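K.L.:
Sharing protein-v4.cif here; it has mmCIF, C-alpha atoms.
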```cif
data_work
#
loop_
_atom_site.label_atom_id
_atom_site.label_comp_id
_atom_site.auth_asym_id
_atom_site.auth_seq_id
_atom_site.Cartn_x
_atom_site.Cartn_y
_atom_site.Cartn_z
CA MET A 709 0.00 0.00 0.00
CA GLN A 710 1.32 3.43 -0.95
CA LYS A 711 0.43 6.98 0.01
CA GLN A 712 -1.86 7.45 -2.99
CA ASP A 713 -3.83 4.32 -2.06
CA LEU A 714 -4.96 5.89 1.23
CA HIS A 715 -7.92 8.11 0.46
CA GLY A 716 -11.70 8.38 0.62
CA PHE A 717 -13.83 6.51 3.15
CA VAL A 718 -11.90 4.12 5.39
CA PRO A 719 -14.28 2.78 8.06
CA ALA A 720 -12.98 1.43 11.35
CA VAL A 721 -15.03 -1.77 11.46
CA VAL A 722 -16.58 -3.15 14.65
CA THR A 723 -15.76 -6.59 16.01
CA PRO A 724 -19.08 -8.39 16.57
CA PHE A 725 -19.15 -10.39 19.81
CA ASN A 726 -21.88 -12.59 21.20
CA LYS A 727 -22.88 -12.42 24.86
CA ALA A 728 -20.19 -14.97 25.73
CA GLY A 729 -17.55 -12.67 24.26
CA ASP A 730 -16.82 -14.82 21.21
CA ILE A 731 -16.16 -13.24 17.82
CA MET A 732 -19.06 -13.80 15.41
CA GLU A 733 -17.01 -14.37 12.27
CA ASP A 734 -19.81 -14.62 9.71
CA ASP A 735 -21.34 -11.40 11.02
CA PHE A 736 -17.96 -9.68 10.84
CA LYS A 737 -17.62 -10.69 7.19
CA GLU A 738 -21.14 -9.46 6.45
CA ILE A 739 -20.35 -6.02 7.86
CA VAL A 740 -17.02 -5.80 6.01
CA ASN A 741 -18.72 -6.67 2.72
CA TRP A 742 -21.52 -4.16 3.36
CA LEU A 743 -18.96 -1.41 3.98
CA ILE A 744 -17.10 -2.21 0.76
CA VAL A 745 -20.31 -2.30 -1.28
CA ASN A 746 -21.24 1.06 0.22
CA GLY A 747 -18.09 2.85 -0.87
CA ALA A 748 -15.25 1.99 1.51
CA THR A 749 -11.86 2.47 -0.15
CA ALA A 750 -10.08 0.44 2.55
CA ILE A 751 -11.09 -1.31 5.78
CA CYS A 752 -9.44 -0.80 9.17
CA VAL A 753 -9.72 -3.76 11.57
CA SER A 754 -8.70 -3.98 15.23
CA GLY A 755 -8.89 -0.25 15.80
CA ASP A 756 -10.59 1.57 18.65
CA ASN A 757 -13.99 0.91 17.11
CA GLY A 758 -13.08 -2.78 16.92
CA GLU A 759 -12.44 -2.88 20.69
CA SER A 760 -8.76 -3.54 20.07
CA TRP A 761 -7.97 -3.41 23.78
CA THR A 762 -9.84 -6.70 24.22
CA LEU A 763 -8.18 -8.54 21.32
CA SER A 764 -5.26 -10.96 21.54
CA PRO A 765 -2.59 -10.98 18.81
CA GLU A 766 -4.13 -14.15 17.40
CA GLU A 767 -7.60 -12.58 17.28
CA ARG A 768 -6.22 -9.54 15.46
CA GLY A 769 -4.60 -11.87 12.97
CA ARG A 770 -7.82 -13.81 12.50
CA LEU A 771 -9.86 -10.64 11.91
CA THR A 772 -7.27 -9.46 9.41
CA LYS A 773 -7.49 -12.77 7.55
CA LEU A 774 -11.29 -12.69 7.49
CA ALA A 775 -11.29 -9.12 6.17
CA VAL A 776 -8.71 -9.94 3.49
CA GLU A 777 -10.73 -12.96 2.38
CA THR A 778 -13.97 -10.97 2.32
CA SER A 779 -12.42 -8.10 0.41
CA ALA A 780 -11.00 -10.51 -2.18
CA GLY A 781 -8.79 -7.78 -3.58
CA ARG A 782 -11.48 -5.09 -3.79
CA VAL A 783 -9.89 -2.84 -1.14
CA PRO A 784 -6.78 -3.00 1.07
CA ILE A 785 -7.00 -4.05 4.72
CA ILE A 786 -5.35 -2.00 7.48
CA THR A 787 -4.74 -3.55 10.92
CA GLY A 788 -4.49 -1.57 14.15
CA VAL A 789 -1.36 -2.34 16.18
CA SER A 790 -1.41 0.33 18.90
CA ALA A 791 -0.13 -0.76 22.32
CA PRO A 792 1.76 0.64 25.32
CA THR A 793 4.91 -1.37 24.52
CA LEU A 794 6.89 -1.87 21.34
CA LYS A 795 6.96 -5.62 21.98
CA ALA A 796 3.15 -5.81 21.93
CA SER A 797 2.87 -3.65 18.81
CA LEU A 798 5.40 -5.84 17.00
CA ALA A 799 3.41 -8.96 17.94
CA TYR A 800 0.32 -7.36 16.39
CA CYS A 801 2.40 -6.37 13.33
CA HIS A 802 3.52 -9.97 12.88
CA GLU A 803 -0.09 -11.17 12.85
CA ALA A 804 -1.08 -8.40 10.44
CA LYS A 805 1.72 -9.30 8.03
CA GLU A 806 1.12 -13.05 8.22
CA ASN A 807 -2.58 -12.64 7.49
CA GLY A 808 -2.39 -10.30 4.52
CA ALA A 809 -2.74 -6.74 5.82
CA SER A 810 -1.64 -4.01 3.43
CA ALA A 811 -0.67 -1.52 6.15
CA ILE A 812 -0.79 -0.95 9.90
CA LEU A 813 -2.39 1.84 11.94
CA ALA A 814 -0.29 2.84 14.95
CA MET A 815 -0.60 5.31 17.78
CA PRO A 816 2.51 6.24 19.71
CA GLN A 817 2.98 4.45 23.03
CA THR A 818 -0.58 4.42 24.38
CA TYR A 819 -1.51 5.31 27.97
CA VAL A 820 1.95 6.70 28.76
CA LEU A 821 0.37 10.17 29.09
CA LYS A 822 3.61 11.95 28.23
CA ALA A 823 6.47 11.26 25.84
CA THR A 824 9.54 13.22 24.79
CA ARG A 825 10.32 13.86 21.13
CA ASP A 826 13.08 11.25 21.33
CA GLU A 827 10.68 8.67 22.76
CA LEU A 828 8.12 9.31 20.01
CA LEU A 829 10.74 9.05 17.29
CA ALA A 830 12.16 5.86 18.77
CA ARG A 831 8.74 4.21 18.87
CA PHE A 832 8.00 4.79 15.19
CA GLU A 833 11.59 4.16 14.06
CA ASN A 834 11.70 0.84 15.93
CA LEU A 835 8.22 -0.11 14.74
CA ALA A 836 9.33 0.44 11.15
CA ALA A 837 12.50 -1.58 11.72
CA GLY A 838 10.55 -4.52 13.13
CA CYS A 839 7.65 -4.61 10.68
CA ASP A 840 7.97 -4.09 6.93
CA LEU A 841 4.36 -3.05 6.39
CA PRO A 842 3.59 0.60 5.53
CA ILE A 843 2.68 2.65 8.60
CA ILE A 844 -0.29 4.96 9.07
CA ALA A 845 0.30 7.03 12.19
CA TYR A 846 -2.66 7.70 14.47
CA ASN A 847 -2.85 10.83 16.59
CA SER A 848 -5.68 10.55 19.12
CA PRO A 849 -4.85 12.43 22.33
CA ARG A 850 -8.06 11.31 24.04
CA ARG A 851 -7.27 7.63 23.49
CA ALA A 852 -3.47 7.53 23.58
CA GLY A 853 -3.15 9.90 26.51
CA LEU A 854 -0.66 12.09 24.67
CA ASN A 855 -0.67 14.40 21.67
CA MET A 856 1.76 14.49 18.77
CA SER A 857 2.30 18.11 17.75
CA VAL A 858 2.65 19.11 14.12
CA ASP A 859 6.40 19.44 14.68
CA ASP A 860 6.49 15.95 16.27
CA ILE A 861 4.74 14.50 13.23
CA GLY A 862 7.20 16.19 10.90
CA ALA A 863 10.11 14.71 12.84
CA ILE A 864 8.52 11.23 12.69
CA LEU A 865 8.17 11.56 8.92
CA ASP A 866 11.95 12.01 8.74
CA VAL A 867 12.73 8.71 10.51
CA ALA A 868 9.92 6.29 9.56
CA PRO A 869 8.14 5.32 6.31
CA ILE A 870 4.82 6.91 7.20
CA ILE A 871 2.36 6.87 4.27
CA GLY A 872 -0.42 8.67 6.10
CA ILE A 873 -1.96 9.72 9.37
CA LYS A 874 -5.36 9.44 11.00
CA GLU A 875 -5.64 12.80 12.70
CA SER A 876 -8.13 12.88 15.58
CA GLN A 877 -6.87 15.96 17.38
CA ARG A 878 -9.93 18.13 18.10
CA ASP A 879 -8.12 21.39 17.42
CA PHE A 880 -8.72 22.74 13.94
CA PHE A 881 -5.63 24.94 14.16
CA HIS A 882 -3.68 21.66 14.37
CA HIS A 883 -5.48 20.17 11.35
CA THR A 884 -4.92 23.31 9.31
CA HIS A 885 -1.18 23.47 9.95
CA LEU A 886 -0.74 19.71 9.49
CA ILE A 887 -2.38 19.81 6.06
CA GLU A 888 -0.50 22.93 4.98
CA ARG A 889 2.89 21.51 5.95
CA PHE A 890 2.68 17.81 5.15
CA ALA A 891 -0.12 17.03 2.67
CA ASP A 892 2.51 16.57 -0.03
CA ARG A 893 4.46 14.02 2.05
CA MET A 894 1.67 11.77 3.31
CA SER A 895 -2.04 11.13 3.01
CA ILE A 896 -3.83 13.02 5.77
CA MET A 897 -7.02 11.30 6.90
CA VAL A 898 -9.54 12.91 9.25
CA GLY A 899 -10.99 11.26 12.36
CA PRO A 900 -13.64 13.61 13.83
CA CYS A 901 -16.67 13.72 11.54
CA HIS A 902 -17.30 17.44 12.04
CA TYR A 903 -13.87 18.15 10.51
CA ILE A 904 -14.27 15.93 7.43
CA LEU A 905 -15.62 18.46 4.93
CA PRO A 906 -13.46 21.46 5.87
CA SER A 907 -10.31 19.31 6.11
CA ILE A 908 -10.83 17.68 2.70
CA GLY A 909 -11.47 21.14 1.30
CA LEU A 910 -8.03 22.17 2.59
CA GLY A 911 -6.26 19.12 1.18
CA ALA A 912 -6.90 16.08 3.37
CA LYS A 913 -7.38 12.93 1.31
CA GLY A 914 -10.28 11.34 3.17
CA PHE A 915 -11.37 10.04 6.55
CA ILE A 916 -10.86 7.06 8.82
CA ALA A 917 -14.03 7.48 10.79
CA THR A 918 -17.22 6.05 12.17
CA GLY A 919 -20.66 7.43 11.39
CA PRO A 920 -20.69 8.41 7.70
CA GLU A 921 -21.77 4.91 6.69
CA PHE A 922 -25.24 5.59 8.12
CA LEU A 923 -25.82 8.29 5.50
CA GLY A 924 -26.03 5.86 2.58
CA ASP A 925 -24.83 6.53 -0.96
CA ILE A 926 -23.78 10.10 -0.21
CA THR A 927 -20.73 8.62 1.54
CA LYS A 928 -19.29 7.88 -1.91
CA ARG A 929 -19.57 11.58 -2.81
CA ILE A 930 -18.18 13.19 0.34
CA SER A 931 -14.83 14.08 -1.22
CA GLN A 932 -16.59 15.64 -4.22
CA ILE A 933 -18.96 17.65 -2.02
CA ALA A 934 -16.10 18.78 0.23
CA THR A 935 -14.24 20.43 -2.63
CA GLN A 936 -17.18 22.41 -3.99
CA SER A 937 -18.47 25.73 -2.73
CA PRO A 938 -20.43 25.38 0.54
CA ASN A 939 -23.92 25.13 -0.94
CA GLU A 940 -27.03 23.68 0.72
CA GLU A 941 -25.91 20.09 0.06
CA TYR A 942 -22.55 20.81 1.68
CA LYS A 943 -24.14 22.44 4.72
CA LYS A 944 -26.67 19.63 5.21
CA LEU A 945 -23.99 16.94 4.96
CA HIS A 946 -21.76 18.78 7.42
CA TYR A 947 -24.67 19.09 9.86
CA ASP A 948 -25.64 15.42 9.48
CA LEU A 949 -22.05 14.24 10.03
CA THR A 950 -21.73 16.46 13.10
CA VAL A 951 -25.00 15.27 14.65
CA LEU A 952 -24.12 11.61 14.04
CA TYR A 953 -20.67 12.04 15.55
CA GLU A 954 -22.08 13.78 18.62
CA LEU A 955 -24.66 11.02 19.04
CA LEU A 956 -22.26 8.10 18.72
CA MET A 957 -19.62 9.64 20.96
CA SER A 958 -21.96 10.76 23.73
CA THR A 959 -24.38 7.83 24.00
CA ALA A 960 -23.49 4.81 26.16
CA THR A 961 -19.84 3.74 26.44
CA TRP A 962 -17.91 3.59 23.18
CA PRO A 963 -18.44 1.58 21.01
CA ALA A 964 -21.73 0.29 22.46
CA SER A 965 -23.62 3.14 20.78
CA PHE A 966 -22.19 2.36 17.36
CA LYS A 967 -22.96 -1.34 17.68
CA ALA A 968 -26.53 -0.53 18.71
CA ALA A 969 -26.87 1.79 15.72
CA LEU A 970 -25.62 -0.90 13.33
CA ASN A 971 -28.01 -3.43 14.84
CA LEU A 972 -30.87 -0.98 14.28
CA ILE A 973 -30.17 -0.77 10.55
CA GLY A 974 -30.04 -4.55 10.24
CA LEU A 975 -26.32 -5.29 10.53
CA PRO A 976 -25.31 -7.96 13.08
CA ALA A 977 -22.86 -5.97 15.22
CA GLY A 978 -23.53 -7.97 18.37
CA VAL A 979 -22.65 -6.52 21.76
CA PRO A 980 -19.44 -5.10 23.22
CA ARG A 981 -16.93 -7.30 24.97
CA GLU A 982 -16.30 -6.87 28.71
CA PRO A 983 -15.73 -4.34 30.32
CA VAL A 984 -18.14 -2.34 28.13
CA ASN A 985 -21.87 -2.92 28.62
CA ALA A 986 -24.40 -3.02 25.80
CA ALA A 987 -26.44 0.10 25.09
CA THR A 988 -29.56 0.43 27.25
CA GLN A 989 -33.07 0.93 25.90
CA VAL A 990 -32.76 4.61 26.81
CA ASP A 991 -29.61 4.79 24.67
CA ILE A 992 -31.32 2.98 21.80
CA ASP A 993 -34.31 5.32 21.95
CA LYS A 994 -31.91 8.27 21.75
CA ILE A 995 -30.30 6.78 18.64
CA LYS A 996 -33.73 6.20 17.07
CA LYS A 997 -34.71 9.81 17.71
CA CYS A 998 -31.55 11.03 16.01
CA PHE A 999 -32.09 8.66 13.08
CA ASP A 1000 -35.64 9.97 12.71
CA SER A 1001 -34.37 13.55 12.55
CA LEU A 1002 -31.87 12.58 9.82
CA ASN A 1003 -34.33 10.36 7.89
CA ILE A 1004 -32.21 7.26 8.48
CA SER A 1005 -34.32 4.10 8.21
CA TYR A 1006 -34.04 1.43 10.89
CA GLN A 1007 -35.78 -1.76 11.97
#
```
Translate this structure into structure tokens?
P.N.:
Amino acid sequence: MQKQDLHGFVPAVVTPFNKAGDIMEDDFKEIVNWLIVNGATAICVSGDNGESWTLSPEERGRLTKLAVETSAGRVPIITGVSAPTLKASLAYCHEAKENGASAILAMPQTYVLKATRDELLARFENLAAGCDLPIIAYNSPRRAGLNMSVDDIGAILDVAPIIGIKESQRDFFHHTHLIERFADRMSIMVGPCHYILPSIGLGAKGFIATGPEFLGDITKRISQIATQSPNEEYKKLHYDLTVLYELLMSTATWPASFKAALNLIGLPAGVPREPVNAATQVDIDKIKKCFDSLNISYQ
């Protein structure tokens, strides 16, 4: 996978579990296929939305294999390998490589809460040395516990073969400067849905996100809409993406809300794995109300 292959809609797919905590493989394949049919340009497995913190290396490898088989060459598969330690990330990389992933998605050392520039550079440099898959960096201060500044990201680009970044920093100053400085060196992909349209308009290549898939066929046209003048279609899409993102992030414990939303539209997302509880009926009613306001059909 190369920089130019990372673009458009890259959904972070859920991992369907039954109530016993087992992976429902056929349901996983159904969701992956549905995402591809509905415009995904790549699929990201074992990310935050896939409850990666509950997955063993072997389970990550198995999910990668299932996604690769389901895709059958239609789109590349990206495997999340974020972990506190380099040893754990390399174990995930090994499974990704052995099972056909085209690239890996990697945060810096998660949950450390603070890291020096040297520590950040060492993590990505050593990750690249130990795994020959292309790397997509992932900056998510809320999940990793630390933020990579624009200068940090530039320094990482100088020491590791980074083809892109999923940028989930909720500061639009950061997004603006990142795109202006590095859009020619890597594919910049947006995380927060309310930044998708303005960021693509500035030069981002797409989005690794959760939520747009509920909007149907318009997902295939987001990049086109984002680069046109902000007309009524643009404004409505931006509003819909923002409302969906707010709903999914604020209802229940992530990703219980997203799984409940998928179940409502007829996709077998199952329930979260421990320690996350399934969405309550109150949560589900809140999702239904939002879907009604956005004219999203559900069962």
K.L.:
List every residue of region 837-929 of chain A that has an atom at most 7 Å from any atom of region 806-820 of chain A, giving for each one its closest atom pair and the distance in Å to one decimal, counting all atoms listed in the file, sorted by chain and then by ascending residue number, as a Markdown table.
P.N.:
```
| residue | atom | partner | partner_atom | distance |
| --- | --- | --- | --- | --- |
| A:Leu841 | CA | A:Ala811 | CA | 5.3 |
| A:Pro842 | CA | A:Ala811 | CA | 4.8 |
| A:Ile843 | CA | A:Ile812 | CA | 5.2 |
| A:Ile844 | CA | A:Leu813 | CA | 4.7 |
| A:Ala845 | CA | A:Ala814 | CA | 5.1 |
| A:Tyr846 | CA | A:Met815 | CA | 4.6 |
| A:Asn847 | CA | A:Met815 | CA | 6.1 |
| A:Ala852 | CA | A:Thr818 | CA | 4.3 |
| A:Gly853 | CA | A:Tyr819 | CA | 5.1 |
```
K.L.:
Would you please work out which residue, of A:Leu794, A:Leu763, A:Val721, A:Leu949, is nearest to Ala977 (chain A) when using all atoms listed in the file?
P.N.:
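That would be A:Val721, the residue with the smallest distance to Ala977 (chain A).
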K.L.:
Under the PyMOL selection byres ((chain A and resi 953-969) around 9), which residues of this model are included? Write them out as a ChimeraX atom specification.
P.N.:
/A:722,724,756-759,900-902,918-920,922,948-952,970-980,984-988,991-992,994-996,998,1006
K.L.:
How far is it from CA of Ile870 (chain A) to CA of Ala804 (chain A), in Å with one decimal?
P.N.:
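So the answer is 16.7 Å.
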K.L.:
Box for region 709-726 of chain A: with edges along x, y and z, all listed atoms inside and 3 Å added on each side, what are the centre and edge lengths in Å to one decimal, as AutoDock Vina command-line options?
P.N.:
```
--center_x -10.3 --center_y -2.1 --center_z 9.1 --size_x 29.2 --size_y 27.0 --size_z 30.2
```
K.L.:
Under the rule that all atoms listed in the file are counted, which of A:Leu886, A:Ala791, A:Ile916, A:Val776 is the nearest residue to His715 (chain A)?
P.N.:
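Ranked by minimum distance to His715 (chain A), first place goes to A:Ile916.
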K.L.:
Could you pull the residues within 7 Å of Phe915 (chain A), counting all atoms listed in the file, minus those fewer than 2 positions along the same chain, as a list in words?
P.N.:
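Answer for this query is Gly716, Phe717, Val718, Met897, Val898, Gly899, Ile904 and Ala917 of chain A.
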K.L.:
Separation of CA of Phe832 (chain A) and CA of Ala868 (chain A), in Å?
P.N.:
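CA of Ala868 (chain A) lies 6.1 Å from CA of Phe832 (chain A).
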K.L.:
Just to confirm, what's the straight-line distance from CA of Phe736 (chain A) to CA of Arg768 (chain A) in Å (one decimal)?
P.N.:
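Separation between CA of Phe736 (chain A) and CA of Arg768 (chain A): 12.6 Å.
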